[in-house]
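Chemist: Below is the file data34.cif, with mmCIF, C-alpha atoms.
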```cif
data_run
#
loop_
_atom_site.label_atom_id
_atom_site.label_comp_id
_atom_site.auth_asym_id
_atom_site.auth_seq_id
_atom_site.Cartn_x
_atom_site.Cartn_y
_atom_site.Cartn_z
CA MET A 1 0.00 0.00 0.00
CA ALA A 2 1.47 3.32 -1.03
CA GLY A 3 2.11 5.95 1.65
CA LEU A 4 0.30 9.27 1.69
CA GLN A 5 2.14 12.20 0.14
CA GLU A 6 2.65 15.14 2.50
CA TYR A 7 2.63 18.69 1.18
CA LYS A 8 4.25 21.66 2.91
CA CYS A 9 2.78 25.14 3.20
CA PRO A 10 4.93 27.63 1.25
CA CYS A 11 4.31 30.25 3.96
CA CYS A 12 4.94 28.52 7.28
CA GLY A 13 6.23 25.08 6.29
CA GLY A 14 3.41 23.23 8.04
CA ALA A 15 1.58 20.25 6.59
CA ILE A 16 -1.16 21.41 4.20
CA SER A 17 -4.18 19.60 2.82
CA PHE A 18 -7.14 20.10 0.49
CA ASN A 19 -10.13 21.88 2.04
CA THR A 20 -13.30 20.34 0.60
CA ALA A 21 -15.59 23.19 1.69
CA GLN A 22 -13.55 25.90 -0.01
CA GLN A 23 -12.14 23.68 -2.78
CA LYS A 24 -8.65 25.04 -2.12
CA MET A 25 -5.45 24.00 -0.46
CA LYS A 26 -5.55 25.45 3.07
CA CYS A 27 -2.93 25.50 5.82
CA PRO A 28 -4.41 24.68 9.27
CA TYR A 29 -1.54 26.54 10.96
CA CYS A 30 -1.46 29.95 9.26
CA ASP A 31 -4.88 29.75 7.47
CA THR A 32 -3.32 30.65 4.12
CA GLU A 33 -5.28 29.45 1.10
CA PHE A 34 -3.92 28.43 -2.30
CA ASP A 35 -5.48 27.71 -5.66
CA VAL A 36 -4.97 23.99 -6.38
CA ALA A 37 -3.42 24.49 -9.83
CA ALA A 38 -1.03 27.16 -8.60
CA PHE A 39 -0.03 25.09 -5.59
CA GLN A 40 0.50 21.99 -7.75
CA SER A 41 2.76 23.94 -10.09
CA TYR A 42 4.74 25.29 -7.14
CA ASP A 43 5.13 21.84 -5.57
CA GLU A 44 6.23 20.28 -8.87
CA ALA A 45 8.90 22.97 -9.30
CA LEU A 46 10.32 22.10 -5.89
CA SER A 47 10.24 18.36 -6.56
CA GLN A 48 12.20 18.85 -9.78
CA GLN A 49 14.99 20.70 -7.99
CA LYS A 50 18.25 18.89 -8.73
CA PRO A 51 20.51 17.84 -5.86
CA ASP A 52 23.94 19.37 -5.41
CA ASP A 53 26.55 17.99 -7.80
CA MET A 54 29.93 19.13 -6.47
CA GLN A 55 32.46 16.73 -7.96
CA TRP A 56 36.11 17.55 -8.62
CA ASP A 57 38.90 16.49 -10.92
CA THR A 58 41.81 16.25 -8.49
CA GLY A 59 44.05 15.07 -11.32
CA GLN A 60 47.52 13.65 -10.97
CA GLN A 61 50.05 16.06 -9.52
CA ASP A 62 53.72 15.74 -10.33
CA THR A 63 55.99 13.78 -8.01
CA TRP A 64 59.48 14.74 -6.90
CA SER A 65 62.30 13.88 -9.26
CA ALA A 66 65.44 12.13 -8.01
CA GLU A 67 67.47 15.31 -8.53
CA GLU A 68 65.03 17.38 -6.46
CA THR A 69 64.86 14.98 -3.53
CA GLN A 70 68.64 14.64 -3.42
CA GLY A 71 68.92 18.02 -1.67
CA LEU A 72 65.89 17.61 0.60
CA ARG A 73 65.56 16.07 4.04
CA SER A 74 62.55 15.20 6.17
CA TYR A 75 61.97 15.16 9.91
CA VAL A 76 59.23 13.53 11.96
CA CYS A 77 57.82 14.92 15.20
CA ASN A 78 57.65 12.45 18.08
CA SER A 79 54.65 14.26 19.55
CA CYS A 80 52.20 15.22 16.79
CA GLY A 81 53.56 12.85 14.14
CA GLY A 82 53.94 15.57 11.56
CA GLU A 83 56.52 15.23 8.81
CA ILE A 84 58.49 18.35 7.93
CA VAL A 85 60.49 18.90 4.76
CA CYS A 86 63.47 21.22 4.41
CA ASP A 87 66.71 21.55 2.48
CA GLU A 88 69.80 19.64 3.59
CA ASN A 89 71.38 22.74 5.17
CA THR A 90 68.45 23.53 7.49
CA ALA A 91 68.95 22.40 11.07
CA ALA A 92 65.91 21.19 12.99
CA SER A 93 65.69 20.96 16.74
CA SER A 94 61.97 21.20 17.43
CA CYS A 95 58.59 20.92 15.66
CA PRO A 96 57.30 24.27 14.37
CA PHE A 97 53.75 23.28 15.36
CA CYS A 98 53.96 21.81 18.86
CA GLY A 99 57.50 22.69 19.95
CA ASN A 100 58.56 19.10 20.71
CA PRO A 101 61.83 17.53 19.46
CA VAL A 102 61.96 16.18 15.92
CA VAL A 103 63.92 13.24 14.56
CA MET A 104 65.83 13.13 11.26
CA MET A 105 64.29 10.62 8.86
CA GLY A 106 66.67 11.08 5.96
CA GLN A 107 65.94 11.80 2.32
CA LEU A 108 62.40 12.79 1.31
CA SER A 109 60.26 10.18 -0.41
CA GLY A 110 56.67 9.45 -1.29
CA ALA A 111 55.15 12.92 -1.67
CA LEU A 112 53.59 14.92 -4.45
CA LYS A 113 55.49 17.95 -5.64
CA PRO A 114 53.70 21.31 -5.23
CA ASP A 115 52.46 23.09 -8.35
CA TYR A 116 52.88 26.59 -6.94
CA VAL A 117 54.52 28.48 -4.11
CA ILE A 118 54.13 31.98 -2.75
CA PRO A 119 57.63 32.98 -1.60
CA PHE A 120 58.22 34.63 1.77
CA LYS A 121 58.15 38.44 1.61
CA LEU A 122 58.64 39.13 5.34
CA ASP A 123 61.60 37.98 7.43
CA LYS A 124 62.00 36.77 11.01
CA GLU A 125 62.47 40.27 12.42
CA ALA A 126 59.17 41.36 10.88
CA ALA A 127 57.47 38.42 12.60
CA LYS A 128 58.95 39.39 15.98
CA LYS A 129 57.84 42.99 15.55
CA ALA A 130 54.34 41.91 14.49
CA LEU A 131 53.97 39.77 17.63
CA SER A 132 55.03 42.66 19.84
CA GLU A 133 52.51 44.96 18.15
CA HIS A 134 49.86 42.23 18.47
CA TYR A 135 50.05 42.66 22.26
CA ASN A 136 49.35 46.41 22.09
CA GLY A 137 45.86 47.62 22.86
CA LYS A 138 44.78 44.33 24.47
CA ARG A 139 43.23 45.66 27.70
CA LEU A 140 42.42 42.20 29.05
CA LEU A 141 45.94 40.84 28.41
CA PRO A 142 47.89 40.25 31.65
CA LYS A 143 50.63 42.88 31.88
CA VAL A 144 53.05 40.32 33.27
CA PHE A 145 52.53 38.18 30.15
CA LYS A 146 53.79 40.96 27.92
CA ASP A 147 56.66 41.79 30.30
CA GLN A 148 57.84 38.23 30.91
CA ASN A 149 56.82 36.62 27.63
CA HIS A 150 59.61 35.57 25.30
CA ILE A 151 59.74 33.75 22.00
CA ASP A 152 60.90 30.16 22.44
CA GLU A 153 60.86 29.22 18.78
CA ILE A 154 60.26 31.08 15.53
CA LYS A 155 60.31 29.27 12.23
CA GLY A 156 59.36 30.07 8.67
CA VAL A 157 57.10 27.30 7.37
CA TYR A 158 55.47 26.68 4.02
CA ILE A 159 52.01 25.31 4.79
CA PRO A 160 50.49 22.86 2.26
CA PHE A 161 47.25 24.02 0.67
CA TRP A 162 44.96 22.59 -1.96
CA LEU A 163 43.60 25.32 -4.24
CA PHE A 164 40.25 24.61 -5.86
CA ASN A 165 39.03 26.25 -9.09
CA ALA A 166 35.47 25.78 -10.34
CA ASP A 167 32.42 27.35 -11.97
CA ALA A 168 29.38 27.00 -9.72
CA ASP A 169 26.04 26.74 -11.51
CA ALA A 170 23.39 27.49 -8.90
CA ASP A 171 19.61 27.42 -8.78
CA ILE A 172 18.06 28.64 -5.51
CA LYS A 173 14.44 29.19 -4.52
CA TYR A 174 13.56 31.44 -1.61
CA ARG A 175 10.49 31.94 0.53
CA ALA A 176 10.13 35.68 1.19
CA ALA A 177 7.63 37.79 3.08
CA LYS A 178 6.61 41.44 3.32
CA ILE A 179 4.95 42.68 6.49
CA ARG A 180 2.78 45.79 6.54
CA THR A 181 1.27 47.24 9.73
CA TRP A 182 -1.18 50.08 10.22
CA THR A 183 -3.65 51.43 12.75
CA SER A 184 -7.30 52.20 12.12
CA GLY A 185 -9.43 53.45 14.97
CA ASN A 186 -8.74 51.37 18.05
CA TYR A 187 -7.26 48.46 16.13
CA ASP A 188 -3.75 47.60 14.93
CA TYR A 189 -3.55 45.57 11.73
CA THR A 190 -0.77 43.43 10.30
CA GLU A 191 -0.72 42.12 6.75
CA THR A 192 1.81 39.51 5.69
CA SER A 193 2.33 38.80 1.99
CA TYR A 194 4.37 35.79 0.87
CA TYR A 195 6.46 35.50 -2.29
CA ALA A 196 8.29 32.75 -4.14
CA VAL A 197 11.62 34.14 -5.33
CA HIS A 198 13.88 32.34 -7.79
CA ARG A 199 17.54 33.02 -8.54
CA SER A 200 19.83 31.14 -10.92
CA GLY A 201 23.21 31.81 -12.48
CA MET A 202 26.88 30.96 -12.47
CA LEU A 203 29.78 32.10 -10.29
CA GLY A 204 33.45 31.50 -10.98
CA PHE A 205 35.78 30.52 -8.12
CA GLU A 206 39.56 30.60 -8.34
CA ARG A 207 42.00 29.17 -5.82
CA VAL A 208 39.66 28.44 -2.95
CA PRO A 209 42.18 27.37 -0.28
CA VAL A 210 41.91 24.33 1.99
CA ASP A 211 44.94 23.51 4.10
CA GLY A 212 46.31 20.00 3.73
CA ASP A 213 47.64 19.81 7.28
CA SER A 214 45.55 18.13 9.99
CA LYS A 215 47.88 19.44 12.72
CA ILE A 216 46.80 23.04 12.15
CA PRO A 217 43.12 23.90 12.82
CA ASN A 218 41.18 25.24 9.83
CA ASP A 219 40.15 28.34 11.76
CA LEU A 220 43.83 29.27 12.29
CA THR A 221 44.89 28.82 8.67
CA GLU A 222 41.75 30.53 7.37
CA SER A 223 42.41 33.43 9.73
CA LEU A 224 45.71 33.99 7.91
CA GLU A 225 43.85 34.63 4.67
CA PRO A 226 43.79 36.25 2.25
CA TYR A 227 46.92 35.51 0.25
CA ASP A 228 47.66 37.37 -2.96
CA TYR A 229 47.75 34.55 -5.50
CA SER A 230 48.95 36.85 -8.25
CA GLU A 231 52.39 36.44 -6.63
CA ALA A 232 52.26 32.63 -6.82
CA VAL A 233 55.03 31.16 -8.99
CA ASP A 234 55.88 27.72 -10.28
CA PHE A 235 57.46 25.67 -7.53
CA ARG A 236 61.23 25.39 -7.31
CA THR A 237 63.14 23.63 -4.55
CA ALA A 238 65.29 26.75 -4.12
CA TYR A 239 62.37 28.45 -2.36
CA LEU A 240 62.74 25.96 0.51
CA ALA A 241 66.27 27.08 1.36
CA GLY A 242 66.32 28.23 4.98
CA TYR A 243 62.68 27.34 5.60
CA PHE A 244 60.59 24.34 6.52
CA ALA A 245 57.82 22.91 4.37
CA ASP A 246 55.16 20.88 6.09
CA LYS A 247 54.35 17.66 4.29
CA TYR A 248 50.60 17.36 3.69
CA ASP A 249 48.74 14.60 5.50
CA VAL A 250 45.30 15.47 4.06
CA ASP A 251 45.17 14.82 0.32
CA ALA A 252 43.03 16.56 -2.31
CA GLU A 253 40.25 13.97 -2.16
CA GLN A 254 39.96 14.38 1.61
CA SER A 255 39.83 18.17 1.22
CA ILE A 256 36.89 18.19 -1.19
CA SER A 257 34.21 18.35 1.52
CA ARG A 258 35.76 21.50 3.00
CA ALA A 259 36.11 23.09 -0.45
CA ASN A 260 32.47 22.28 -1.24
CA GLU A 261 31.39 23.81 2.08
CA ARG A 262 33.25 27.06 1.42
CA ILE A 263 31.99 27.34 -2.17
CA LYS A 264 28.43 26.51 -1.19
CA GLN A 265 28.40 29.13 1.58
CA SER A 266 29.89 31.79 -0.70
CA THR A 267 27.45 31.01 -3.50
CA GLU A 268 24.41 31.10 -1.22
CA GLN A 269 25.56 34.39 0.34
CA ALA A 270 26.15 35.97 -3.08
CA PHE A 271 22.71 34.94 -4.37
CA ALA A 272 20.93 35.92 -1.14
CA SER A 273 22.40 39.42 -1.38
CA THR A 274 20.39 39.94 -4.59
CA VAL A 275 17.05 39.26 -2.84
CA SER A 276 16.15 42.57 -1.23
CA GLY A 277 13.06 44.58 -0.33
CA TYR A 278 11.48 41.90 1.85
CA SER A 279 10.90 41.70 5.60
CA SER A 280 12.30 38.19 5.71
CA VAL A 281 13.94 35.79 3.26
CA ARG A 282 14.65 32.09 3.71
CA ALA A 283 16.21 29.65 1.23
CA GLU A 284 13.72 26.89 0.51
CA ALA A 285 15.55 24.79 -2.06
CA SER A 286 19.10 24.95 -3.36
CA SER A 287 20.93 23.17 -6.14
CA ILE A 288 24.62 23.81 -6.88
CA SER A 289 26.60 21.95 -9.51
CA LEU A 290 30.27 22.43 -10.29
CA LYS A 291 31.86 22.57 -13.72
CA ASN A 292 35.55 22.59 -14.61
CA GLY A 293 36.40 21.72 -11.00
CA LYS A 294 40.12 21.20 -10.52
CA ALA A 295 42.52 21.14 -7.56
CA THR A 296 46.17 22.20 -7.48
CA TYR A 297 48.78 21.92 -4.76
CA ALA A 298 50.55 24.98 -3.35
CA LEU A 299 52.82 26.00 -0.48
CA LEU A 300 51.89 29.23 1.31
CA PRO A 301 54.30 31.06 3.65
CA ALA A 302 53.75 31.54 7.39
CA TRP A 303 55.89 32.34 10.40
CA LEU A 304 55.08 30.19 13.44
CA LEU A 305 56.04 31.62 16.81
CA GLN A 306 56.06 29.49 19.95
CA THR A 307 55.88 31.36 23.27
CA SER A 308 55.46 30.14 26.83
CA TRP A 309 54.17 31.74 30.01
CA ASN A 310 52.92 30.47 33.33
CA GLY A 311 53.50 26.85 32.31
CA LYS A 312 51.48 27.06 29.10
CA ASN A 313 52.54 27.22 25.45
CA TYR A 314 51.04 29.72 23.01
CA LEU A 315 51.21 29.40 19.23
CA PHE A 316 51.00 32.44 16.95
CA ALA A 317 51.06 32.46 13.16
CA MET A 318 51.87 35.31 10.78
CA ASN A 319 51.11 35.41 7.08
CA GLY A 320 54.58 35.46 5.52
CA GLN A 321 53.32 37.54 2.63
CA SER A 322 50.97 40.16 4.16
CA GLY A 323 52.09 40.26 7.80
CA LYS A 324 48.66 39.44 9.24
CA ILE A 325 49.14 37.74 12.63
CA VAL A 326 46.74 35.55 14.61
CA GLY A 327 46.87 33.54 17.81
CA ASP A 328 45.28 33.06 21.22
CA LEU A 329 46.20 35.27 24.18
CA PRO A 330 45.75 34.67 27.91
CA LEU A 331 43.03 36.52 29.79
CA ASP A 332 43.60 38.69 32.87
CA LYS A 333 40.70 37.39 34.96
CA GLY A 334 40.88 40.32 37.36
CA ALA A 335 40.75 42.86 34.54
CA TYR A 336 37.94 40.92 32.91
CA THR A 337 35.91 40.90 36.14
CA ARG A 338 36.39 44.65 36.58
CA TRP A 339 35.42 45.24 32.95
CA LEU A 340 32.31 43.05 33.32
CA LEU A 341 31.24 44.81 36.52
CA GLY A 342 31.75 48.18 34.87
CA LEU A 343 29.69 47.09 31.86
CA THR A 344 26.93 45.79 34.13
CA THR A 345 26.90 49.09 36.02
CA VAL A 346 26.62 51.09 32.78
CA VAL A 347 23.81 48.88 31.42
CA GLY A 348 21.99 49.08 34.77
CA ALA A 349 22.27 52.87 34.81
CA ILE A 350 20.90 53.10 31.27
CA ALA A 351 17.99 50.79 32.14
CA PHE A 352 17.21 52.81 35.28
CA ALA A 353 17.31 56.08 33.37
CA ALA A 354 14.98 54.68 30.70
CA SER A 355 12.47 53.35 33.24
CA TYR A 356 12.58 56.62 35.20
CA LEU A 357 11.94 58.60 32.02
CA ALA A 358 9.02 56.32 31.11
CA TRP A 359 7.57 56.76 34.61
CA MET A 360 7.86 60.56 34.31
CA LEU A 361 5.99 60.51 31.02
CA LEU A 362 3.06 58.49 32.35
#
```
What would the structure in this file look like if it were written as structure tokens?

Modeler:
Amino acid sequence: MAGLQEYKCPCCGGAISFNTAQQKMKCPYCDTEFDVAAFQSYDEALSQQKPDDMQWDTGQQDTWSAEETQGLRSYVCNSCGGEIVCDENTAASSCPFCGNPVVMMGQLSGALKPDYVIPFKLDKEAAKKALSEHYNGKRLLPKVFKDQNHIDEIKGVYIPFWLFNADADADIKYRAAKIRTWTSGNYDYTETSYYAVHRSGMLGFERVPVDGDSKIPNDLTESLEPYDYSEAVDFRTAYLAGYFADKYDVDAEQSISRANERIKQSTEQAFASTVSGYSSVRAEASSISLKNGKATYALLPAWLLQTSWNGKNYLFAMNGQSGKIVGDLPLDKGAYTRWLLGLTTVVGAIAFAASYLAWMLL
């Protein structure tokens, strides 16, 4: 026996059925009525909406040649398990990510060669200065942290990123509403009008970055953005001289879900920005398909600074191209409490003044 088909109200989303007395589709929740033919056409349009199709051609990246790997060495961290690549003249004593000792593994093997690299533009001294300036203006930062804090480790690291290019063909249907209110005599009236809004088109995406390193949280690497990809050049091993290059442990296939998420969010935001003039707008159905999707492998520069204070380690990262710096800072609990009490006092005073004024006007 076939199951009953359930229809949704375009206005409130509740279950809707045919009203025999009025010979219309009527919602029992918001009392909105619909002509049967119009409602059927609307429902069929939704049922024909195609699902997302966000597939990628990750291709086959080049591998290292014997001549290139001859001058490269790799290290493995005993703590986080990360593998770090550098040239044969770079000394390694600790992991750039967690600060623990690293062990020489020998010559590099078994890794794809990057397609592109953005060379470092800022040196170690610029990173130190940026960290010092990062402390300025932080009212809730313990003063003793700034006075006693010192940099334990500072290393220039090329972070592995997968860069995704694609054309996104999107078709999105929205449920929108306009609300009008007015007063007549002793009564206030509200009129709500509902609209079906349709948007479709194509957006081009170039070099959507997803880091290929599981040891670094996505929110940290994404906070370092944006990078200027116009300065990206074909990879050469000479760019690694004096720096570390983290070996990716998340491949292109594993990065697709994150790339799809970023592209989907950007597409939906771009399309939603074109739906204006309504009191409220909500996406009801969305279909996004990708064309010409391709991933490339790149190394992007960052300075990683390890600091310690009060028995705890703090990791900061600076974009090696733009100088943007990010990282967590400790909180002065005493200063925070004083700030919170002051804020509460101000809010309380404003509320008292408002209530007193209202009382005076009665």

Chemist: So which one's closest to A:Leu290, A:Lys215, A:Thr267, A:Glu153, A:Val210? Using only C-alpha atoms, please.

Modeler: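 Using only C-alpha atoms, A:Leu290 sits closest to A:Thr267.
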
Chemist: Name the residues that the PyMOL selection byres ((chain A and resi 198-201) around 7) picks from the file above, as an NGL selection string, using the file's chain letters and numbers.

Modeler: :A and (169-174 or 196-197 or 202-203 or 271)

Chemist: One decimal, Å: what's the distance from atom CA of A:Val157 over to atom CA of A:Leu304, could you say?

Modeler: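 Computing it gives 7.0 Å between the two atoms.
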
Chemist: Tell me which protein, DNA and RNA residues are within 12 Å of A:Ile256, counting only C-alpha atoms, leaving out same-chain ones fewer than 4 positions away, and put them as a VMD selection string.

Modeler: chain A and resid 54 to 58 162 to 166 208 to 212 250 to 252 260 to 264 293 to 296

Chemist: Output the residue selection produced by the PyMOL selection byres ((chain A and resi 123-129) around 10) on the file above, formatted as a list in words.

Modeler: Phe120, Lys121, Leu122, Ala130, Leu131, Ser132, Glu133, His134, Ile151, Ile154, Lys155, Gly156, Ala302, Trp303, Leu304, Leu305, Phe316, Ala317, Met318, Asn319, Gly320, Gln321, Gly323, Lys324 and Ile325 of chain A

Chemist: Enter the distance from atom CA of A:Gly204 to atom CA of A:Asp249, in Å, rounded to one decimal.

Modeler: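 About the pair atom CA of A:Gly204 and atom CA of A:Asp249: they are 28.1 Å apart.
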
Chemist: What is the distance, in Å and to one decimal place, between atom CA of A:Pro119 and atom CA of A:Ile84?

Modeler: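 Atom CA of A:Pro119 sits 17.5 Å away from atom CA of A:Ile84.
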